[in-house]
Amino acid sequence: MNDIKVQRLILMLPILLGLLGAVHPIINGGVGGGIGGGISGAIWAGALGLTGIMVALFLQGKTRAALESARQAGAEACLAGLPPPRHIEGLDELCGQVLPIWSRHIETARGQTETAVTDLSIRFSDIYDHLGRALGTHRQHTEGSGNNSNNGDNNVLAMLSSGQHNLTQMLATLRAGLVAKKDMLNRIREVAKFSEELKSMAGSVSSIATQTNLLALNAAIEAARAGEAGRGFAVVADEVRKLSTLSNETGKQISLRADAVDKAINDAAQMAEQFSVQDAQTMQDSEQTIENVLQVFRGAVEQLNEAASNFQHEGGAVQESVGNVIVSLQFQDRVSQILRQTTGDLARLQDHLADLARRQALGEPVQPLDEKAWLDNLARTYTTLEEAANHQGASTSNSSSGSSGISFF
Amino acid sequence: MAKTILIVDDSASIRQVVGLTLKSAGYDVVDAVDGKDALTKLDGRKINLIISDVNMPNMDGITFVKEMKTKPAYKFTPVIMLTTEGSEAMKRDGQAAGAKAWVVKPFQPAQMLDAVSKLCLP
């Protein structure tokens with residue numbers, strides 16, 4: 001290879017290095033920016049960028065070595081008073097062997113980046129979907145058929161209020177039962193009054209029977225005094241006396257039964273009164289217990305609502321961040337295109353050098369390499385603004401992180 | 001019924017990003033890895049919009065748009081080109097082929113959804 005070829009080859013290397021160097025800021029700008037400087041984002045963004053940097057450094061080292069070799073050869077020639085050498089010994093062979101190696105390194109880095117980023121995209125998409133479903137399910141459970149987020153709280157509170165209403169109704173029913181019991185107790189007390197009357201009436205029967213017996217006895221005396229004429233009347237008087245004795249016995253029996261009934265009624269009334277007091281106490285305890293339980297429920301619902309609200313808020317924030325990470329992963333497409341374009345040009349250079357070697361071996365005329373035509377052709381293949389900027393030698397640090405432009409036709 | 005959008009891109013990560021953006025907005029998504037694959041997806045199904053990359057293996061985006069415009073069922077289906085290409089010459093090629101909009105990657109989801117809602121067929 002003559003010195004012109006060498007110089008022209010060296011002229012192209014900084015552009016290739018610039019293209020590879022553009023990969024690094026795209027990775028850091030695209031992913032690091034999207035994650036917002038998060039620790040995990042920085043770690044894997046750095047890991048992805050590392051491969052690109054290594055390839056760039058490798059190529060930079062090779063270029064420096066080639067330039068240094070050319071510089072030393074020229075310097076030695078000058079010192080010896082000889083014209084500069086027309087070629088660098090071994091550079092053809094070096095290029096023939098090293099260019100495909102560089103291409104393979106770049107393609108490996110590109111392939112690994114593409115595989116890793118695609119895998120990350122799929123995994124982050126899964127996380128995004130799962131989060132979306134979890135938040136959606138939670139929203140459905142809390143919102144019910146309502147349209148705003150407060151309906152969830154309202155629904156739970158309405159359920160609680162409904163429960164409280166039902167329990168209050170139940171207490172009212174129990175209270176009505178107590179009132180009915182009191183009525184029954186009053187009736188029993190009234191029945192007790194009747195038993196007193198019965199006892200009085202039984203006493204009257206006994207008193208009447210005693211007087212009747214006395215009257216019958218007087219009648220029997222008068223009948224005896226009348227002699228034979230009062231014999232029939234004496235029989236009647238005797239029968240009346242027997243009936244009055246029976247009536248007296250019956251009156252006593254009624255009085256005894258009335259006492260027993262009176263005692264039973266009083267016992268029942270006393271027991272009913274005790275139950276009534278117990279029922280009133282039970283009712284009061286029940287109301288207090290229900291109120292306490294509802295209070296505990298209200299507290300639990302409030303805590304639940306607060307936790308649910310926090311979950312909704314934090315879950316939404318995580319989902320948004322994951323979405324931003326996925327969007328930032330678009331950098332891979334730009335990186336892939338730049339690396340593909342670079343390996344394509346390296347392959348073209350390799351083919352060209354091989355063709356030159358073949359022509360020289362065959363003794364065919366060799367046309368000098370037209371670096372302007374080569375660079376113009378290279379520029380035509382660019383697909384990104386970073387490549388065009390690198391070609392001009394401009395900085396590309398943040399050129400990929402800006403928002404996209406949309407043109408409507 | 002959700003509208004269906006065909007995404008054509010050789011980058012799986014871009015298909016994921018675009019797909020996620022569209023699905024989160026309620027669209028159904030069909031995807032293809034290049035222009036040739038995309039033509040096989042135009043099999044009579046209802047497609048309301050196509051989003052296509054430009055630089056793809058087998059068949060590039062511009063050729064794909066020209067080809068799909070020859071299919072009567074999809075002649076009026078709007079196409080958004082989504083690409084790293086930003087040159088005016090390429091945009092003119094896209095417009096000449098029949099594209100309705102040109103979006104340069106990286107895109108912002110809100111901008112993409114705005115363009116989609118403007119162009120999507122009913």
# chains A, B, ... in the order shown; residues from 1 in each chain; ligands from 1
>>> residues_around(residues="stretch 99-106 of chain B", least_positions_apart="5", cutoff="7 Å", atoms="only C-alpha atoms", output="PyMOL selection string")
(chain A and resi 330+403-409) or (chain B and resi 78-86+91+94)
>>> interface_residues(of="chain A", to="chain B", cutoff="10 Å", atoms="only C-alpha atoms", output="number ranges by chain")
A: 30, 114-122, 124-126, 128-129, 132, 323-334, 336-337, 382-385, 400-409
>>> residues_around(residues="A:Ile208", least_positions_apart="6", cutoff="9 Å", atoms="only C-alpha atoms", output="PyMOL selection string")
chain A and resi 244+247-248
>>> residues_around(residues="stretch 281-290 of chain A", least_positions_apart="3", cutoff="10 Å", atoms="only C-alpha atoms", output="MDAnalysis selection string")
chainID A and resid 164 167:168 171:172 174:175 178 275:278 293:296
>>> residues_around(residues="A:Ala269", least_positions_apart="5", cutoff="9 Å", atoms="only C-alpha atoms", output="PDB file with N, CA and C atoms, in the first residue's frame")
ATOM      1  N   LEU A 185     -96.982  -7.915  81.197  1.00  0.00           N
ATOM      2  CA  LEU A 185     -96.784  -7.831  82.634  1.00  0.00           C
ATOM      3  C   LEU A 185     -97.929  -7.054  83.288  1.00  0.00           C
ATOM      4  N   ASN A 186     -98.310  -5.962  82.648  1.00  0.00           N
ATOM      5  CA  ASN A 186     -99.437  -5.168  83.181  1.00  0.00           C
ATOM      6  C   ASN A 186    -100.725  -6.000  83.212  1.00  0.00           C
ATOM      7  N   ILE A 188    -100.874  -9.167  83.498  1.00  0.00           N
ATOM      8  CA  ILE A 188    -100.739 -10.148  84.585  1.00  0.00           C
ATOM      9  C   ILE A 188    -101.081  -9.486  85.928  1.00  0.00           C
ATOM     10  N   ARG A 189    -100.591  -8.248  86.079  1.00  0.00           N
ATOM     11  CA  ARG A 189    -100.906  -7.527  87.321  1.00  0.00           C
ATOM     12  C   ARG A 189    -102.418  -7.320  87.462  1.00  0.00           C
ATOM     13  N   ALA A 192    -103.949 -10.393  88.626  1.00  0.00           N
ATOM     14  CA  ALA A 192    -103.709 -10.546  90.061  1.00  0.00           C
ATOM     15  C   ALA A 192    -104.797  -9.836  90.866  1.00  0.00           C
ATOM     16  N   ALA A 264     -99.247 -17.791  92.177  1.00  0.00           N
ATOM     17  CA  ALA A 264     -98.639 -18.112  90.873  1.00  0.00           C
ATOM     18  C   ALA A 264     -98.519 -16.858  90.002  1.00  0.00           C
ATOM     19  N   GLN A 274     -88.239  -9.305  86.429  1.00  0.00           N
ATOM     20  CA  GLN A 274     -86.788  -9.559  86.408  1.00  0.00           C
ATOM     21  C   GLN A 274     -86.277  -9.666  84.967  1.00  0.00           C
TER      22      GLN A 274
END
>>> atom_distance(atom1="atom CA of B:Val8", atom2="atom CA of B:Asp114")
18.9 Å
>>> atom_distance(atom1="atom CA of B:Lys118", atom2="atom CA of B:Ile50")
12.9 Å
>>> residues_around(residues="B:Asn48", least_positions_apart="4", cutoff="7 Å", atoms="only C-alpha atoms", output="VMD selection string")
chain B and resid 3 to 5 77 120 to 121
>>> residues_around(residues="B:Leu39", least_positions_apart="5", cutoff="10 Å", atoms="only C-alpha atoms", output="compact mmCIF listing (two decimals) with C-alpha atoms, in the first residue's frame")
# COMPACT_ATOMS: atom_id res chain seq x y z
CA VAL B 8 -43.91 -2.55 10.71
CA ALA B 32 -44.65 -7.22 11.13
CA ASP B 34 -40.35 -5.86 7.57
CA MET B 59 -38.36 -4.78 1.89
CA PHE B 64 -43.81 -1.35 1.25
CA VAL B 65 -45.98 1.76 1.13
CA GLU B 67 -46.83 -1.95 -2.70
CA MET B 68 -49.66 -1.67 -0.18
CA LYS B 71 -54.01 -3.27 -2.91
>>> atom_distance(atom1="atom CA of A:Asp370", atom2="atom CA of A:Leu339")
23.8 Å
>>> select_by_dssp(residues="chain B", states="strand (DSSP E)", output="list in words")
Thr4, Ile5, Leu6, Ile7, Val8, Asp28, Val29, Val30, Asp31, Ala32, Leu49, Ile50, Ile51, Ser52, Val79, Ile80, Met81, Leu82, Thr83, Ala101, Trp102, Val103 and Val104 of chain B
